[in-house]
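Visitor: This is the structure, below, for whatever I ask next.
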Amino acid sequence: MKLYNLKDHNEQVSFSQAIKQGLGRQQGLFFPLELPEFSSTEIDDLLELDLVTRSSRILSAYLGDEIAPETVYQRVKAAFTFPAPVATVSDDIASLELFHGPTLAFKDFGGRFMAQMLAQVSNGEKVTILTATSGDTGAAVAHAFYGLENVRVVILYPRGKISPLQEKLFCTLGGNIYTIAIDSDFDACQALVKQAFDDEELKQAIGLNSANSINISRLLAQICYYFEAVAQLPAAARQQLVVSVPSGNFGDLTAGLLAKSLGLPIKRFIAATNANDTVPRYLSNGEWAPNPTVATLSNAMDVSQPNNWPRVEELFRRKNWALPTLGFGAVSDDVTKATMHELEALGYTSEPHAAIAYRLLRDQLQPGEFGLFLGTAHPAKFKESVEAILDKTLDLPEALAQRADLELLSHNFAPDFAQLRQFLMALPE
Ligand SMILES: *Cc1c(COP(=O)(O)O)cnc(C)c1O
């Protein structure tokens, strides 16, 4: 698989290089040179397969020239160890539940597949994963890499801006997992990571790698669950499918669009955000004007400078799709709360991220269409806010219950690159 740098199309790399490097020159994102497509018969055949077999065929369509299909199959089997069920919410709407993995959010798919792929291509070289998280990436990456030889993981997150249980999930592991609470917001954490990647000396010294959704391996993994959703839907729904994606960094939406570009029948997408509405405003008035990030109930989407957006635009350009066909909207915290009540009344307990996607889907779905929204996290992962909003008690799933009482092991830094650099250089082997 060849990929090019969106900021300099002359820089081309293999998949192995892209996964190790994360970003290209000038912090450019890598994008596939070839966009494979399945025929409609091939799609029908794929939809008959089980998750692991189907996913390994989809991924081999991209990776086949670099990694043997049997190896891809074994790696996918090791990564995708949990299901992605579609749950019925109403006559014309269902939820794709992506939160049945070890850290209860969709990021387990990408994080675990990336860990497998990095192990596949790194030949035992030392790697330091440095990543910024608005909550869920950190947990997924920490758990996916925990205990792997030759890999150290350093995770930055905005202090006090992720849920206490989210924090417990990945800041209590220790071992090869280092966590740092930064006294600022997610965008500041992301900026520190970018600064580190610009520092050639540091990069070489510690074998720097990012496990952020900028890493192409994560996006490729996420394509697979859009196929899994369609495989579970009745045939009639497959023809009129609208998918609503709760978005922060826009990795999930990029993966959905890549699934469509492979030939998966999805009529249109809705890009759903919270008050951090850079993209909805851009789609309505053509101006890219990020505001300062604001804290919301759906904290994993508190991103005002979404990293993956250039990939979305590139895909529309390459496929000759018109950007105005992309649905969009931003949902306030008040409307999010009301929507969680609405879902509860339908018998479906949800959390703020999924509720935002549902809200816009419900409002924008046309007669005859079938709607699917992504359930990106388990409601119990946001226990404090969900319980307060819905006035009910949630049971903690096993993965959370185990960690809830452990001590936090995080460091606490100002948003200061010099301090971070010193820490990274001094990490034990
Ligand atoms: C990360 C995350 C999102 C946003 O996904 P992006 O790919 O960054 O757009 C939405 N919901 C939850 C629960 C998340 O963890």
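Ordered as shown in the structure tokens, chains take letters A, B, and onward, while each chain numbers its residues from 1 and ligands are numbered from 1 in the order shown.
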For the interface of chain A with ligand 1 (cut-off 10 Å, counting only C-alpha atoms and all ligand atoms), please tabulate each contacting residue of chain A alongside its nearest pair of atoms and their separation in Å to one decimal, rows sorted by chain and increasing number, as JSON lines.
Guide:
```
{"residue": "A:Leu98", "atom": "CA", "partner": "ligand 1", "partner_atom_place_in_ligand_line": "13 (C)", "distance": 9.3}
{"residue": "A:Phe99", "atom": "CA", "partner": "ligand 1", "partner_atom_place_in_ligand_line": "13 (C)", "distance": 8.6}
{"residue": "A:Leu104", "atom": "CA", "partner": "ligand 1", "partner_atom_place_in_ligand_line": "13 (C)", "distance": 8.9}
{"residue": "A:Ala105", "atom": "CA", "partner": "ligand 1", "partner_atom_place_in_ligand_line": "15 (O)", "distance": 5.9}
{"residue": "A:Phe106", "atom": "CA", "partner": "ligand 1", "partner_atom_place_in_ligand_line": "15 (O)", "distance": 6.7}
{"residue": "A:Lys107", "atom": "CA", "partner": "ligand 1", "partner_atom_place_in_ligand_line": "15 (O)", "distance": 6.5}
{"residue": "A:Asp108", "atom": "CA", "partner": "ligand 1", "partner_atom_place_in_ligand_line": "15 (O)", "distance": 9.6}
{"residue": "A:Thr133", "atom": "CA", "partner": "ligand 1", "partner_atom_place_in_ligand_line": "1 (C)", "distance": 8.3}
{"residue": "A:Ser134", "atom": "CA", "partner": "ligand 1", "partner_atom_place_in_ligand_line": "1 (C)", "distance": 7.1}
{"residue": "A:Gly135", "atom": "CA", "partner": "ligand 1", "partner_atom_place_in_ligand_line": "15 (O)", "distance": 6.3}
{"residue": "A:Asp136", "atom": "CA", "partner": "ligand 1", "partner_atom_place_in_ligand_line": "15 (O)", "distance": 4.4}
{"residue": "A:Thr137", "atom": "CA", "partner": "ligand 1", "partner_atom_place_in_ligand_line": "1 (C)", "distance": 6.3}
{"residue": "A:Gly138", "atom": "CA", "partner": "ligand 1", "partner_atom_place_in_ligand_line": "15 (O)", "distance": 9.3}
{"residue": "A:Ala139", "atom": "CA", "partner": "ligand 1", "partner_atom_place_in_ligand_line": "15 (O)", "distance": 9.5}
{"residue": "A:Ala140", "atom": "CA", "partner": "ligand 1", "partner_atom_place_in_ligand_line": "15 (O)", "distance": 9.3}
{"residue": "A:Gln166", "atom": "CA", "partner": "ligand 1", "partner_atom_place_in_ligand_line": "15 (O)", "distance": 9.9}
{"residue": "A:Asn212", "atom": "CA", "partner": "ligand 1", "partner_atom_place_in_ligand_line": "8 (O)", "distance": 9.2}
{"residue": "A:Ser213", "atom": "CA", "partner": "ligand 1", "partner_atom_place_in_ligand_line": "7 (O)", "distance": 6.7}
{"residue": "A:Ile214", "atom": "CA", "partner": "ligand 1", "partner_atom_place_in_ligand_line": "7 (O)", "distance": 9.6}
{"residue": "A:Arg218", "atom": "CA", "partner": "ligand 1", "partner_atom_place_in_ligand_line": "7 (O)", "distance": 9.7}
{"residue": "A:Leu219", "atom": "CA", "partner": "ligand 1", "partner_atom_place_in_ligand_line": "7 (O)", "distance": 8.6}
{"residue": "A:Gln222", "atom": "CA", "partner": "ligand 1", "partner_atom_place_in_ligand_line": "7 (O)", "distance": 9.3}
{"residue": "A:Val245", "atom": "CA", "partner": "ligand 1", "partner_atom_place_in_ligand_line": "9 (O)", "distance": 7.6}
{"residue": "A:Pro246", "atom": "CA", "partner": "ligand 1", "partner_atom_place_in_ligand_line": "10 (C)", "distance": 5.1}
{"residue": "A:Ser247", "atom": "CA", "partner": "ligand 1", "partner_atom_place_in_ligand_line": "9 (O)", "distance": 3.5}
{"residue": "A:Gly248", "atom": "CA", "partner": "ligand 1", "partner_atom_place_in_ligand_line": "9 (O)", "distance": 3.7}
{"residue": "A:Asn249", "atom": "CA", "partner": "ligand 1", "partner_atom_place_in_ligand_line": "8 (O)", "distance": 3.4}
{"residue": "A:Phe250", "atom": "CA", "partner": "ligand 1", "partner_atom_place_in_ligand_line": "9 (O)", "distance": 3.4}
{"residue": "A:Gly251", "atom": "CA", "partner": "ligand 1", "partner_atom_place_in_ligand_line": "7 (O)", "distance": 3.5}
{"residue": "A:Asp252", "atom": "CA", "partner": "ligand 1", "partner_atom_place_in_ligand_line": "7 (O)", "distance": 3.8}
{"residue": "A:Leu253", "atom": "CA", "partner": "ligand 1", "partner_atom_place_in_ligand_line": "9 (O)", "distance": 6.4}
{"residue": "A:Thr254", "atom": "CA", "partner": "ligand 1", "partner_atom_place_in_ligand_line": "7 (O)", "distance": 7.8}
{"residue": "A:Ala255", "atom": "CA", "partner": "ligand 1", "partner_atom_place_in_ligand_line": "7 (O)", "distance": 8.5}
{"residue": "A:Ala271", "atom": "CA", "partner": "ligand 1", "partner_atom_place_in_ligand_line": "9 (O)", "distance": 8.9}
{"residue": "A:Ala272", "atom": "CA", "partner": "ligand 1", "partner_atom_place_in_ligand_line": "9 (O)", "distance": 9.0}
{"residue": "A:Thr273", "atom": "CA", "partner": "ligand 1", "partner_atom_place_in_ligand_line": "9 (O)", "distance": 8.6}
{"residue": "A:Ser298", "atom": "CA", "partner": "ligand 1", "partner_atom_place_in_ligand_line": "11 (N)", "distance": 7.3}
{"residue": "A:Asn299", "atom": "CA", "partner": "ligand 1", "partner_atom_place_in_ligand_line": "12 (C)", "distance": 8.0}
{"residue": "A:Ala300", "atom": "CA", "partner": "ligand 1", "partner_atom_place_in_ligand_line": "14 (C)", "distance": 4.7}
{"residue": "A:Met301", "atom": "CA", "partner": "ligand 1", "partner_atom_place_in_ligand_line": "4 (C)", "distance": 5.1}
{"residue": "A:Asp302", "atom": "CA", "partner": "ligand 1", "partner_atom_place_in_ligand_line": "4 (C)", "distance": 8.6}
{"residue": "A:Val303", "atom": "CA", "partner": "ligand 1", "partner_atom_place_in_ligand_line": "8 (O)", "distance": 8.1}
{"residue": "A:Pro306", "atom": "CA", "partner": "ligand 1", "partner_atom_place_in_ligand_line": "8 (O)", "distance": 7.6}
{"residue": "A:Asn307", "atom": "CA", "partner": "ligand 1", "partner_atom_place_in_ligand_line": "8 (O)", "distance": 8.4}
{"residue": "A:Asn308", "atom": "CA", "partner": "ligand 1", "partner_atom_place_in_ligand_line": "9 (O)", "distance": 8.1}
{"residue": "A:Trp309", "atom": "CA", "partner": "ligand 1", "partner_atom_place_in_ligand_line": "9 (O)", "distance": 9.4}
{"residue": "A:Glu351", "atom": "CA", "partner": "ligand 1", "partner_atom_place_in_ligand_line": "13 (C)", "distance": 8.5}
{"residue": "A:Pro352", "atom": "CA", "partner": "ligand 1", "partner_atom_place_in_ligand_line": "13 (C)", "distance": 8.2}
{"residue": "A:His353", "atom": "CA", "partner": "ligand 1", "partner_atom_place_in_ligand_line": "11 (N)", "distance": 5.0}
{"residue": "A:Ala354", "atom": "CA", "partner": "ligand 1", "partner_atom_place_in_ligand_line": "11 (N)", "distance": 7.0}
{"residue": "A:Ile356", "atom": "CA", "partner": "ligand 1", "partner_atom_place_in_ligand_line": "11 (N)", "distance": 9.5}
{"residue": "A:Ala357", "atom": "CA", "partner": "ligand 1", "partner_atom_place_in_ligand_line": "10 (C)", "distance": 9.4}
{"residue": "A:Leu374", "atom": "CA", "partner": "ligand 1", "partner_atom_place_in_ligand_line": "11 (N)", "distance": 8.4}
{"residue": "A:Gly375", "atom": "CA", "partner": "ligand 1", "partner_atom_place_in_ligand_line": "13 (C)", "distance": 7.6}
{"residue": "A:Thr376", "atom": "CA", "partner": "ligand 1", "partner_atom_place_in_ligand_line": "13 (C)", "distance": 4.4}
{"residue": "A:Ala377", "atom": "CA", "partner": "ligand 1", "partner_atom_place_in_ligand_line": "13 (C)", "distance": 4.3}
{"residue": "A:His378", "atom": "CA", "partner": "ligand 1", "partner_atom_place_in_ligand_line": "13 (C)", "distance": 7.9}
{"residue": "A:Pro379", "atom": "CA", "partner": "ligand 1", "partner_atom_place_in_ligand_line": "13 (C)", "distance": 9.3}
{"residue": "A:Lys381", "atom": "CA", "partner": "ligand 1", "partner_atom_place_in_ligand_line": "13 (C)", "distance": 8.8}
{"residue": "A:Phe382", "atom": "CA", "partner": "ligand 1", "partner_atom_place_in_ligand_line": "13 (C)", "distance": 9.2}
```
Visitor: Could you pull out the strand (DSSP E or B) residues of range 158-240 of chain A, going by DSSP on the backbone, and write them as a ChimeraX atom specification?
Guide: /A:158,177-182,208-209
Visitor: Taking into account only C-alpha atoms, which residue in the set A:Glu149, A:Leu297, A:Thr325, A:Ala61 is nearest to Lys161 in chain A?
Guide: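 Under the stated criterion, the closest residue is A:Leu297.
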Visitor: For range 388-419 of chain A versus range 167-181 of chain A, which residues have an atom no more than 8 Å away, and what is each residue's nearest atom pair and distance in Å rounded to one decimal, using only C-alpha atoms, chain-then-number order, as CSV?
Guide:
```
residue,atom,partner,partner_atom,distance
A:Leu400,CA,A:Leu169,CA,6.6
A:Arg403,CA,A:Leu169,CA,6.0
A:Ala404,CA,A:Lys168,CA,6.0
A:Leu406,CA,A:Thr172,CA,6.2
A:Glu407,CA,A:Thr172,CA,6.1
A:Leu408,CA,A:Thr172,CA,5.1
A:Leu409,CA,A:Thr172,CA,5.6
A:Ser410,CA,A:Thr179,CA,4.8
A:His411,CA,A:Ile180,CA,4.6
A:Asn412,CA,A:Ala181,CA,4.7
A:Phe413,CA,A:Ala181,CA,6.2
```
Visitor: Would you save the residues from that selection as a PDB file, in the first residue's frame, using C-alpha atoms?
Guide:
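The result, stored in result04.pdb:
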```pdb
ATOM      1  CA  LEU A 400     -14.355  -0.522  34.806  1.00  0.00           C
ATOM      2  CA  ARG A 403     -10.015  -0.300  38.029  1.00  0.00           C
ATOM      3  CA  ALA A 404     -12.379   2.094  39.803  1.00  0.00           C
ATOM      4  CA  LEU A 406      -6.997   1.858  42.003  1.00  0.00           C
ATOM      5  CA  GLU A 407      -4.660   4.768  42.601  1.00  0.00           C
ATOM      6  CA  LEU A 408      -3.982   7.247  39.770  1.00  0.00           C
ATOM      7  CA  LEU A 409      -0.340   7.116  38.639  1.00  0.00           C
ATOM      8  CA  SER A 410      -0.358  10.250  36.439  1.00  0.00           C
ATOM      9  CA  HIS A 411       2.222  13.023  36.414  1.00  0.00           C
ATOM     10  CA  ASN A 412       0.990  16.592  36.233  1.00  0.00           C
ATOM     11  CA  PHE A 413       2.673  19.077  33.869  1.00  0.00           C
TER      12      PHE A 413
END
```
Visitor: For range 66-78 of chain A, list every protein, DNA or RNA residue within 12 Å, evaluated using only C-alpha atoms, and leave out those in the same chain fewer than 3 positions away; present the list as number ranges by chain.
Guide: A: 1-2, 13-17, 50-63, 81-83, 109-121, 144, 217, 220-222, 224
Visitor: Got a sec to tell me which of range 324-386 of chain A DSSP assigns to helix (DSSP H, G or I), as a ChimeraX atom specification?
Guide: /A:324-325,333-345,352-364,379-386
Visitor: Which residue gives the smallest distance to Pro280 in chain A among A:Ser90, A:Ser163, A:Thr296, A:Ser304, with only C-alpha atoms counted?
Guide: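 Comparing A:Ser90, A:Ser163, A:Thr296, A:Ser304 against Pro280 in chain A, the winner is A:Ser304.
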Visitor: Would you kindly return, as a list in words, each protein, DNA or RNA residue with an atom no farther than 12 Å from any atom of Pro324 in chain A, considering only C-alpha atoms and excluding same-chain residues fewer than 5 positions away?
Guide: Arg268, Phe269, Ile270, Ala271, Pro280, Tyr282, Leu283, Ser284, Asn285, Gly286, Glu313 and Phe316 of chain A
Visitor: Take the residues that were just selected and, keeping N, CA and C atoms, output them as a compact mmCIF listing (two decimals), in the first residue's frame.
Guide:
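Resulting contents of part-v1.txt:
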```txt
# COMPACT_ATOMS: atom_id res chain seq x y z
N ARG A 268 -25.86 8.41 2.70
CA ARG A 268 -25.16 9.62 3.11
C ARG A 268 -24.77 9.54 4.58
N PHE A 269 -23.91 10.46 4.97
CA PHE A 269 -23.44 10.53 6.36
C PHE A 269 -23.88 11.85 6.99
N ILE A 270 -23.97 11.84 8.30
CA ILE A 270 -24.17 13.08 9.04
C ILE A 270 -22.98 13.27 9.99
N ALA A 271 -22.30 14.41 9.87
CA ALA A 271 -21.20 14.74 10.77
C ALA A 271 -21.78 15.47 11.97
N PRO A 280 -19.32 21.89 11.33
CA PRO A 280 -20.66 22.33 10.91
C PRO A 280 -20.68 23.79 10.42
N TYR A 282 -18.17 25.39 9.08
CA TYR A 282 -17.46 25.39 7.79
C TYR A 282 -18.37 24.88 6.67
N LEU A 283 -19.13 23.83 6.97
CA LEU A 283 -20.00 23.26 5.93
C LEU A 283 -21.17 24.19 5.61
N SER A 284 -21.54 25.04 6.56
CA SER A 284 -22.65 25.94 6.24
C SER A 284 -22.20 27.26 5.61
N ASN A 285 -20.99 27.74 5.96
CA ASN A 285 -20.61 29.05 5.37
C ASN A 285 -19.27 29.06 4.64
N GLY A 286 -18.60 27.90 4.58
CA GLY A 286 -17.35 27.82 3.81
C GLY A 286 -16.14 28.43 4.49
N GLU A 313 -11.85 15.84 3.23
CA GLU A 313 -11.94 16.66 2.00
C GLU A 313 -11.23 16.00 0.83
N PHE A 316 -13.46 13.25 -0.64
CA PHE A 316 -14.54 13.84 -1.47
C PHE A 316 -13.98 14.27 -2.82
```
